[in-house]
Amino acid sequence: MKHFNEEHQLFRQSMRDFLRKEIIPHIDQWETQGFIPKDIYKKFGEMGYFGLAFPEKYGGLNLDHFYAIIMSEELARVNSGGFGAAMGSHSSLALVHINAEGNEAQKQRYLVPGIQGDLIGCLAITEPFGGSDVAAIRTTAIRQGDHYIINGSKTFITNGVYSDFIVAAVRTNPDADSRGISMVIIDRDTPGVSATKLNKLGWRASDTGEIAFDNVKVPVENLLGGENQGFYYIMQHFALERLMMAVGGVAAADYALEVTLQYMSEREAFGRKINRFQALRHRIAQMASEIEMNKQFVYTIAHRYQQGDYVVKEAAMAKLLGTQLNDKVVYDCLQMFGGYGFMEDYPLARMYRDSRLGTIGGGTSEIMCEIIAKTMIDSKAYEKATSSVGSS
């Protein structure tokens with residue numbers, strides 16, 4: 001099956017040229033300072049990159065899902081996991097929730113300027129005492145009249161420090177488990193909201209933060225979708241998040257191999273280029289084969305997702321294997337560089353640090369295995385949320 005047509009390829013080249021001109025020259029600076037200037041989001045918005053899959057009435061382009069895949073693949077070539085995460089967390093996480101569950105007023109207030117790059121969003125689910133266990137969320141939202149009073153904290157939130165609004169999972173029914181969770185939009189400048197920037201091993205260009213809510217007063221009109229329906233919204237969107245992480249993992253592995261092949265064609269040892277040594281050549285062949293197999297699997301799942309299939313199990317499989325592959329390929333590619341692979345002046349050092357988060361973020365590999373096991377051993381059937389926007 002051919003997934004990319006001529007228009008796709010033109011978009012890929014255009015985006016690659018944009019990234020080469022506007023982004024790559026500044027990556028080292030952003031990696032050092034630990035955040036991305038807001039004018040870069042505006043440039044992305046002006047190019048239409050944040051609105052690829054969103055409706056035209058809100059400023060989007062309403063394109064098929066493979067444009068977003070191309071964007072993820074090209075971002076991998078920037079060699080900054082943090083930069084790709086920051087762009088993706090805004091458009092593929094925060095804006096996706098608003099587009100899917102938001103009412104018209106919320107879309108005009110957040111989705112339209114979000115697509116334009118005028119407002120930056122983040123998705124806040126993970127908490128200090130609960131990562132992949134979404135049902136264990138402790139952050140409370142107690143209704144008082146026309147407002148919720150929110151108390152609690154979130155952690156490991158990409159764009160968690162410098163974003164303009166927060167799409168947060170909160171507990172609106174303290175007596176229920178997963179059925180007591182809701183999604184709300186919290187403006188960054190609301191009194192009681194504070195954030196602390198986290199010092200990370202990798203993904204250094206993104207502002208990953210811990211967010212605290214201290215008696216934060218949020219209008220009930222900021223509720224996304226139906227009250228106590230948040231868990232189902234989160235589960236529904238996890239498939240897309242995990243699919244995109246699989247795309248990013250495979251693309252990063254592919255780029256690491258490309259960089260390594262170039263180095264091997266130039267580096268000499270014992271009187272010949274190191275790409276002439278059989279042991280290294282066969283390792284390259286093995287990596288290339290695994291990358292291509294995973295790439296085609298991811299494309300197939302993306303096609304099914306675009307057709308409306310609920311690919312929970314398959315997205316978990318793709319993320320499990322795609323992110324593990326990234327770790328493995330980057331490890332082996334760094335070895336090809338020898339001592340230079342350990343130097344920050346060479347690209348593999350950053351790739352090595354950045355790849356490690358793939359098997360943790362968006363659900364750990366262990367969680368992916370449990371999801372797959374539940375479908376295959378326990379006959380668990382994951383289904384879409386059926387509640388409508390604004391239902392109770």
# chains A, B, ... in the order shown; residues from 1 in each chain; ligands from 1
$ residues_around --residues "Arg188 of chain A" --least-positions-apart "6" --cutoff "10 Å" --atoms "only C-alpha atoms" --output "VMD selection string"
chain A and resid 121 160 to 166 194 to 195
$ residues_around --residues "segment 125-130 of chain A" --least-positions-apart "3" --cutoff "9 Å" --atoms "only C-alpha atoms" --output "MDAnalysis selection string"
chainID A and resid 133:139 152:157 167:170 210 234
$ closest_residue --among "A:Ser355, A:Asn159, A:Ser265, A:Gln306" --to "Phe35 of chain A" --atoms "only C-alpha atoms"
A:Asn159
$ atom_distance --atom1 "atom CA of His303 of chain A" --atom2 "atom CA of Leu243 of chain A"
11.0 Å
$ closest_residue --among "A:Gly202, A:Ile98, A:Arg143, A:Ala288" --to "Val216 of chain A" --atoms "only C-alpha atoms"
A:Arg143
$ closest_residue --among "A:Leu334, A:Met1, A:Ala94, A:Met351" --to "Tyr263 of chain A" --atoms "only C-alpha atoms"
A:Leu334
$ select_by_dssp --residues "segment 20-146 of chain A" --states "strand (DSSP E or B)" --output "ChimeraX atom specification"
/A:121-124,127,130,140-144
$ closest_residue --among "A:Pro347, A:Gly180, A:Gly225, A:Gly358" --to "Lys107 of chain A" --atoms "only C-alpha atoms"
A:Gly225
$ residues_around --residues "Met293 of chain A" --least-positions-apart "5" --cutoff "12 Å" --atoms "only C-alpha atoms" --output "list in words"
Val250, Asp254, Gln286, Met287, Ala288, Val298, Tyr299, Thr300, Ala318, Leu321, Gly322 and Leu325 of chain A
$ write_last_selection --atoms "C-alpha atoms" --output "tab-separated table (two decimals), in the first residue's frame"
chain	number	residue	atom	x	y	z
A	250	VAL	CA	11.26	4.65	14.31
A	254	ASP	CA	16.22	5.83	10.91
A	286	GLN	CA	20.19	-5.94	10.79
A	287	MET	CA	19.27	-2.45	12.00
A	288	ALA	CA	18.03	-1.34	8.59
A	298	VAL	CA	3.41	1.86	11.96
A	299	TYR	CA	2.18	3.11	8.59
A	300	THR	CA	-0.38	0.31	8.44
A	318	ALA	CA	3.78	-0.02	17.76
A	321	LEU	CA	8.54	-1.95	19.52
A	322	GLY	CA	9.21	1.45	17.95
A	325	LEU	CA	14.04	-0.09	18.52
$ closest_atom_pairs --of "segment 225-260 of chain A" --to "segment 69-87 of chain A" --cutoff "9 Å" --atoms "only C-alpha atoms" --output "CSV"
residue,atom,partner,partner_atom,distance
A:Met244,CA,A:Ile69,CA,7.2
A:Met245,CA,A:Ser72,CA,8.7
A:Val247,CA,A:Ile69,CA,6.8
A:Gly248,CA,A:Ser72,CA,5.8
A:Gly249,CA,A:Ala76,CA,8.3
A:Val250,CA,A:Glu73,CA,8.4
A:Ala251,CA,A:Glu73,CA,5.1
A:Ala252,CA,A:Ala76,CA,5.1
A:Ala253,CA,A:Ala76,CA,8.8
A:Asp254,CA,A:Ala76,CA,9.0
A:Tyr255,CA,A:Arg77,CA,6.1
A:Ala256,CA,A:Arg77,CA,8.7
